[in-house]
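Undergrad: Take this structure, written in structure tokens, and hold onto it; I'll ask about it next.
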Amino acid sequence: MSMKTNRRALRVALESEYNDGTTTPDAATKAVLAREITATPLAGNNIERNFVRPYYGNSPQAPGEKHVQVIVEVELNTSGELGTPPPWGTMLRACGWSEVITVGESVTYSPVSDDEDSCVFFAHMDGNLHKGRGARGTPEFTLNGNGIPVIRFTLYGLFSPVTQEELPAVTLTQWKKALVVNSTNTEQLSFMGATVPFSQFSLNMAGQVEHMSEIIGGADIEITGRGPSGTLQIEDPGVGVKDYFAVHQNAETGVLTLTHGKTPGNIIEFNMPSVGIEAPTYANVKGKQMLSINYMPEPVDGNDEVTIVVK
């Protein structure tokens, strides 16, 4: 029987301790409703032997220590219940974020700089099962007008041999449908003291995730830094209302807040207390003059350059 690219499944669970070797994601509670699942089974590099010989030709290579990589894109949704983490919270925690639950009210995510959680993922590519233990990663968020809001996770896990296993019977009902990004569901951006309509928003946390393969006996997957940045496309308010060109010229920073969802239980709020911007450029959306702006969140007191509140 031939194998099909549309027969895929992903299960993800947090580990009790790093690379515990026992955590197994449950198909009924830990399955991921994904828009994309792409696995790289043998990520890493090869080692050149570099022989010196009296003739031309390639030297043989030795396989380096490998890891398994999975890219998964999911809808940016909520659980629908106040104070209950969204289903993507597990993966976000494994990307170097803390999770603070206020019972019956909200769940707040903030980046951390040590003691990051780790996860195990089981990526089923039809009959091939790829296990990644001690996994960590980095997320990228996209909320574009008249589109589905998404998070794209890149997860790196310690390699296990690929095995043959039938696809699991997963339960996906915990993944509620995300609200479309539009004027009905989404507030205008609060951006450096002005309220502006927008058509594009992205945030790439750009986590530096390293497989420490050079360290014998300690070849873990570690997060060693981050350099978040993003892009905006906003309606040009005119320099008489807000001069973003001068903001760049003067190296000013300001607050960026995006709120998606308008009813309790369905709200996701991005807060950035201090962002700097690159030089704005003009863009066009159906004849309307827009500004395209690259921005960089900066920490104020540390680990606070971005917070995400689900409420």
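To be explicit about the labels: the chains of the structure tokens are called A, B, and onward in the order shown, and within each one the residues are counted from 1, while ligands get numbers from 1 in the order they are shown.
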Would you mind listing, for every residue of range 193-286 of chain A within 12 Å of range 43-47 of chain A, the two atoms forming the shortest contact and the distance between them in Å to one decimal, using only C-alpha atoms, sorted by chain and ascending residue number, as a Markdown table?
TA:
| residue | atom | partner | partner_atom | distance |
| --- | --- | --- | --- | --- |
| A:Glu210 | CA | A:Gly44 | CA | 10.4 |
| A:His211 | CA | A:Gly44 | CA | 8.5 |
| A:Met212 | CA | A:Gly44 | CA | 10.9 |
| A:Ser213 | CA | A:Gly44 | CA | 9.2 |
| A:Glu214 | CA | A:Asn45 | CA | 11.8 |
Undergrad: Which residues are close to range 178-194 of chain A, i.e. within 6 Å by only C-alpha atoms, leaving aside same-chain residues fewer than 5 positions away? Reply as a list in words.
TA: Glu75, Leu76, Asn77, Gly145, Asn146, Gly147, Ile148, Gly254, Val255, Leu256, Thr257, Leu258, Thr259, His260 and Gly261 of chain A
Undergrad: Name the residues of range 48-156 of chain A that fall into strand (DSSP E or B) according to DSSP on the backbone, using the chain letters and numbers of this document, as a VMD selection string.
TA: chain A and resid 48 61 to 63 67 to 75 97 to 102 106 to 111 119 to 125 128 to 142 147 150 to 156
Undergrad: Counting only C-alpha atoms, what are the residues of range 219-247 of chain A within 10 Å of range 107-120 of chain A, and for each of them which pair of atoms is the nearest and at what distance in Å, to one decimal? Sort the table by chain and rising number, as JSON lines.
TA:
{"residue": "A:Ile221", "atom": "CA", "partner": "A:Ser118", "partner_atom": "CA", "distance": 8.9}
{"residue": "A:Glu222", "atom": "CA", "partner": "A:Glu116", "partner_atom": "CA", "distance": 8.6}
{"residue": "A:Ile223", "atom": "CA", "partner": "A:Glu116", "partner_atom": "CA", "distance": 7.8}
{"residue": "A:Thr224", "atom": "CA", "partner": "A:Ser113", "partner_atom": "CA", "distance": 8.2}
{"residue": "A:Gly225", "atom": "CA", "partner": "A:Ser113", "partner_atom": "CA", "distance": 7.5}
{"residue": "A:Arg226", "atom": "CA", "partner": "A:Ser113", "partner_atom": "CA", "distance": 9.0}
Undergrad: Can you write out the residues you just picked, keeping all heavy atoms, as a compact mmCIF listing (two decimals), in the first residue's frame?
TA:
# COMPACT_ATOMS: atom_id res chain seq x y z
N ILE A 221 18.99 19.65 23.53
CA ILE A 221 18.42 20.75 22.75
C ILE A 221 18.23 21.91 23.72
O ILE A 221 17.50 21.78 24.71
CB ILE A 221 17.08 20.37 22.12
CG1 ILE A 221 17.20 19.10 21.26
CG2 ILE A 221 16.54 21.54 21.29
CD1 ILE A 221 18.05 19.26 20.02
N GLU A 222 18.90 23.04 23.47
CA GLU A 222 18.84 24.16 24.39
C GLU A 222 18.45 25.44 23.67
O GLU A 222 18.78 25.64 22.50
CB GLU A 222 20.18 24.37 25.09
CG GLU A 222 20.61 23.21 25.98
CD GLU A 222 21.84 23.52 26.81
OE1 GLU A 222 22.22 24.71 26.86
OE2 GLU A 222 22.42 22.58 27.37
N ILE A 223 17.73 26.31 24.38
CA ILE A 223 17.44 27.66 23.91
C ILE A 223 18.51 28.57 24.50
O ILE A 223 18.67 28.65 25.72
CB ILE A 223 16.04 28.11 24.34
CG1 ILE A 223 14.98 27.19 23.73
CG2 ILE A 223 15.78 29.56 23.92
CD1 ILE A 223 13.56 27.46 24.22
N THR A 224 19.25 29.26 23.63
CA THR A 224 20.39 30.06 24.08
C THR A 224 20.19 31.56 23.88
O THR A 224 21.09 32.34 24.19
CB THR A 224 21.67 29.62 23.35
OG1 THR A 224 21.51 29.83 21.94
CG2 THR A 224 21.97 28.15 23.61
N GLY A 225 19.06 31.97 23.37
CA GLY A 225 18.80 33.39 23.17
C GLY A 225 17.56 33.59 22.32
O GLY A 225 16.91 32.63 21.88
N ARG A 226 17.21 34.83 22.10
CA ARG A 226 16.10 35.16 21.20
C ARG A 226 16.29 36.59 20.70
O ARG A 226 16.91 37.42 21.37
CB ARG A 226 14.74 35.02 21.90
CG ARG A 226 14.55 35.93 23.10
CD ARG A 226 13.17 35.77 23.73
NE ARG A 226 13.04 36.59 24.93
CZ ARG A 226 13.28 36.16 26.16
NH1 ARG A 226 13.65 34.90 26.36
NH2 ARG A 226 13.15 36.99 27.20
Undergrad: Nearest to Gln233 in chain A among A:Thr163, A:Asn294, A:Asn266, A:Lys177, with distances taken over only C-alpha atoms: which residue is it?
TA: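 Closest to Gln233 in chain A, using only C-alpha atoms: A:Asn294.
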Undergrad: Could you state the separation of CA of Arg152 in chain A and CA of His248 in chain A in Å, given to one decimal place?
TA: 29.0 Å
Undergrad: For Gly157 in chain A, which residue among A:Gly276, A:Pro264, A:Gly137, A:Pro60 is the nearest when counting only C-alpha atoms?
TA: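 Under the stated criterion, the closest residue is A:Gly137.
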Undergrad: Name the closest residue to Phe153 in chain A among the candidates A:Asp20, A:Glu73, A:Asp236, A:Asp220; distances are taken between atoms, counting only C-alpha atoms.
TA: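 Of the candidates, the smallest distance to Phe153 in chain A is held by A:Glu73.
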Undergrad: Which residues are near Tyr295 in chain A? Cut-off 8 Å, only C-alpha atoms, ignore same chain within fewer than 3 positions. Put them as a count of residues only.
TA: 8
Undergrad: Do you know which residues are at most 12 Å from Glu165 in chain A counting only C-alpha atoms, after dropping those on the same chain fewer than 2 positions away, and could you put them as a list in words?
TA: Arg8, Ala9, Phe122, Ala123, His124, Met125, Asp126, Gly127, Asn128, Leu129, His130, Lys131, Val162, Thr163, Leu167 and Pro168 of chain A
Undergrad: Those residues you just picked out, can you put them in a file as a PDB file, in the first residue's frame with N, CA, C and O atoms?
TA:
ATOM      1  N   ARG A   8      -1.349  12.336   8.178  1.00  0.00           N
ATOM      2  CA  ARG A   8      -0.343  12.716   9.162  1.00  0.00           C
ATOM      3  C   ARG A   8      -1.019  13.074  10.481  1.00  0.00           C
ATOM      4  O   ARG A   8      -2.189  13.477  10.500  1.00  0.00           O
ATOM      5  N   ALA A   9      -0.288  12.920  11.539  1.00  0.00           N
ATOM      6  CA  ALA A   9      -0.805  13.271  12.866  1.00  0.00           C
ATOM      7  C   ALA A   9       0.361  13.686  13.747  1.00  0.00           C
ATOM      8  O   ALA A   9       1.499  13.243  13.560  1.00  0.00           O
ATOM      9  N   PHE A 122       5.397  13.196  18.940  1.00  0.00           N
ATOM     10  CA  PHE A 122       5.280  12.011  18.103  1.00  0.00           C
ATOM     11  C   PHE A 122       4.672  12.489  16.780  1.00  0.00           C
ATOM     12  O   PHE A 122       3.501  12.853  16.739  1.00  0.00           O
ATOM     13  N   ALA A 123       5.472  12.505  15.729  1.00  0.00           N
ATOM     14  CA  ALA A 123       5.019  12.950  14.416  1.00  0.00           C
ATOM     15  C   ALA A 123       4.814  11.723  13.529  1.00  0.00           C
ATOM     16  O   ALA A 123       5.773  11.025  13.189  1.00  0.00           O
ATOM     17  N   HIS A 124       3.582  11.464  13.187  1.00  0.00           N
ATOM     18  CA  HIS A 124       3.239  10.316  12.349  1.00  0.00           C
ATOM     19  C   HIS A 124       3.138  10.789  10.894  1.00  0.00           C
ATOM     20  O   HIS A 124       2.281  11.609  10.563  1.00  0.00           O
ATOM     21  N   MET A 125       4.018  10.299  10.059  1.00  0.00           N
ATOM     22  CA  MET A 125       3.969  10.595   8.625  1.00  0.00           C
ATOM     23  C   MET A 125       3.450   9.338   7.948  1.00  0.00           C
ATOM     24  O   MET A 125       4.204   8.471   7.512  1.00  0.00           O
ATOM     25  N   ASP A 126       2.134   9.197   7.927  1.00  0.00           N
ATOM     26  CA  ASP A 126       1.452   7.973   7.560  1.00  0.00           C
ATOM     27  C   ASP A 126       1.979   6.834   8.432  1.00  0.00           C
ATOM     28  O   ASP A 126       1.845   6.897   9.658  1.00  0.00           O
ATOM     29  N   GLY A 127       2.643   5.835   7.881  1.00  0.00           N
ATOM     30  CA  GLY A 127       3.077   4.700   8.684  1.00  0.00           C
ATOM     31  C   GLY A 127       4.416   4.871   9.366  1.00  0.00           C
ATOM     32  O   GLY A 127       4.854   3.961  10.092  1.00  0.00           O
ATOM     33  N   ASN A 128       5.100   6.002   9.159  1.00  0.00           N
ATOM     34  CA  ASN A 128       6.391   6.244   9.800  1.00  0.00           C
ATOM     35  C   ASN A 128       6.208   7.132  11.030  1.00  0.00           C
ATOM     36  O   ASN A 128       5.605   8.208  10.947  1.00  0.00           O
ATOM     37  N   LEU A 129       6.742   6.686  12.149  1.00  0.00           N
ATOM     38  CA  LEU A 129       6.635   7.459  13.384  1.00  0.00           C
ATOM     39  C   LEU A 129       7.989   8.062  13.738  1.00  0.00           C
ATOM     40  O   LEU A 129       8.982   7.346  13.878  1.00  0.00           O
ATOM     41  N   HIS A 130       8.016   9.394  13.891  1.00  0.00           N
ATOM     42  CA  HIS A 130       9.223  10.128  14.277  1.00  0.00           C
ATOM     43  C   HIS A 130       9.022  10.666  15.690  1.00  0.00           C
ATOM     44  O   HIS A 130       8.127  11.476  15.926  1.00  0.00           O
ATOM     45  N   LYS A 131       9.853  10.214  16.614  1.00  0.00           N
ATOM     46  CA  LYS A 131       9.774  10.671  17.998  1.00  0.00           C
ATOM     47  C   LYS A 131      10.873  11.693  18.262  1.00  0.00           C
ATOM     48  O   LYS A 131      12.035  11.471  17.909  1.00  0.00           O
ATOM     49  N   VAL A 162      13.450   5.834  13.551  1.00  0.00           N
ATOM     50  CA  VAL A 162      12.127   5.869  12.932  1.00  0.00           C
ATOM     51  C   VAL A 162      11.529   4.469  12.999  1.00  0.00           C
ATOM     52  O   VAL A 162      12.193   3.478  12.695  1.00  0.00           O
ATOM     53  N   THR A 163      10.278   4.382  13.425  1.00  0.00           N
ATOM     54  CA  THR A 163       9.618   3.088  13.548  1.00  0.00           C
ATOM     55  C   THR A 163       8.346   3.069  12.719  1.00  0.00           C
ATOM     56  O   THR A 163       7.813   4.122  12.341  1.00  0.00           O
ATOM     57  N   LEU A 167      -1.327   4.995  12.170  1.00  0.00           N
ATOM     58  CA  LEU A 167      -1.795   6.296  12.633  1.00  0.00           C
ATOM     59  C   LEU A 167      -2.721   6.127  13.832  1.00  0.00           C
ATOM     60  O   LEU A 167      -3.574   5.235  13.840  1.00  0.00           O
ATOM     61  N   PRO A 168      -2.572   6.978  14.857  1.00  0.00           N
ATOM     62  CA  PRO A 168      -3.436   6.850  16.036  1.00  0.00           C
ATOM     63  C   PRO A 168      -4.826   7.425  15.771  1.00  0.00           C
ATOM     64  O   PRO A 168      -5.020   8.268  14.888  1.00  0.00           O
TER      65      PRO A 168
END
Undergrad: So, with only C-alpha atoms as the atoms that count, which of A:Ser160, A:Thr22, A:Gln174, A:Gln200 lies closest to Ala283 in chain A?
TA: A:Gln200
Undergrad: Between A:Gly96, A:Gly218, A:Gly132, A:Gly227, single out the one closest to Val12 in chain A, counting only C-alpha atoms.
TA: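 Result for the nearest residue to Val12 in chain A: A:Gly132.
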Undergrad: Any idea what's packed within 8 Å of Glu81 in chain A, counting only C-alpha atoms, ignoring anything in its chain fewer than 2 positions away? Could you give it as a ChimeraX atom specification?
TA: /A:78-79,83-84,104,265
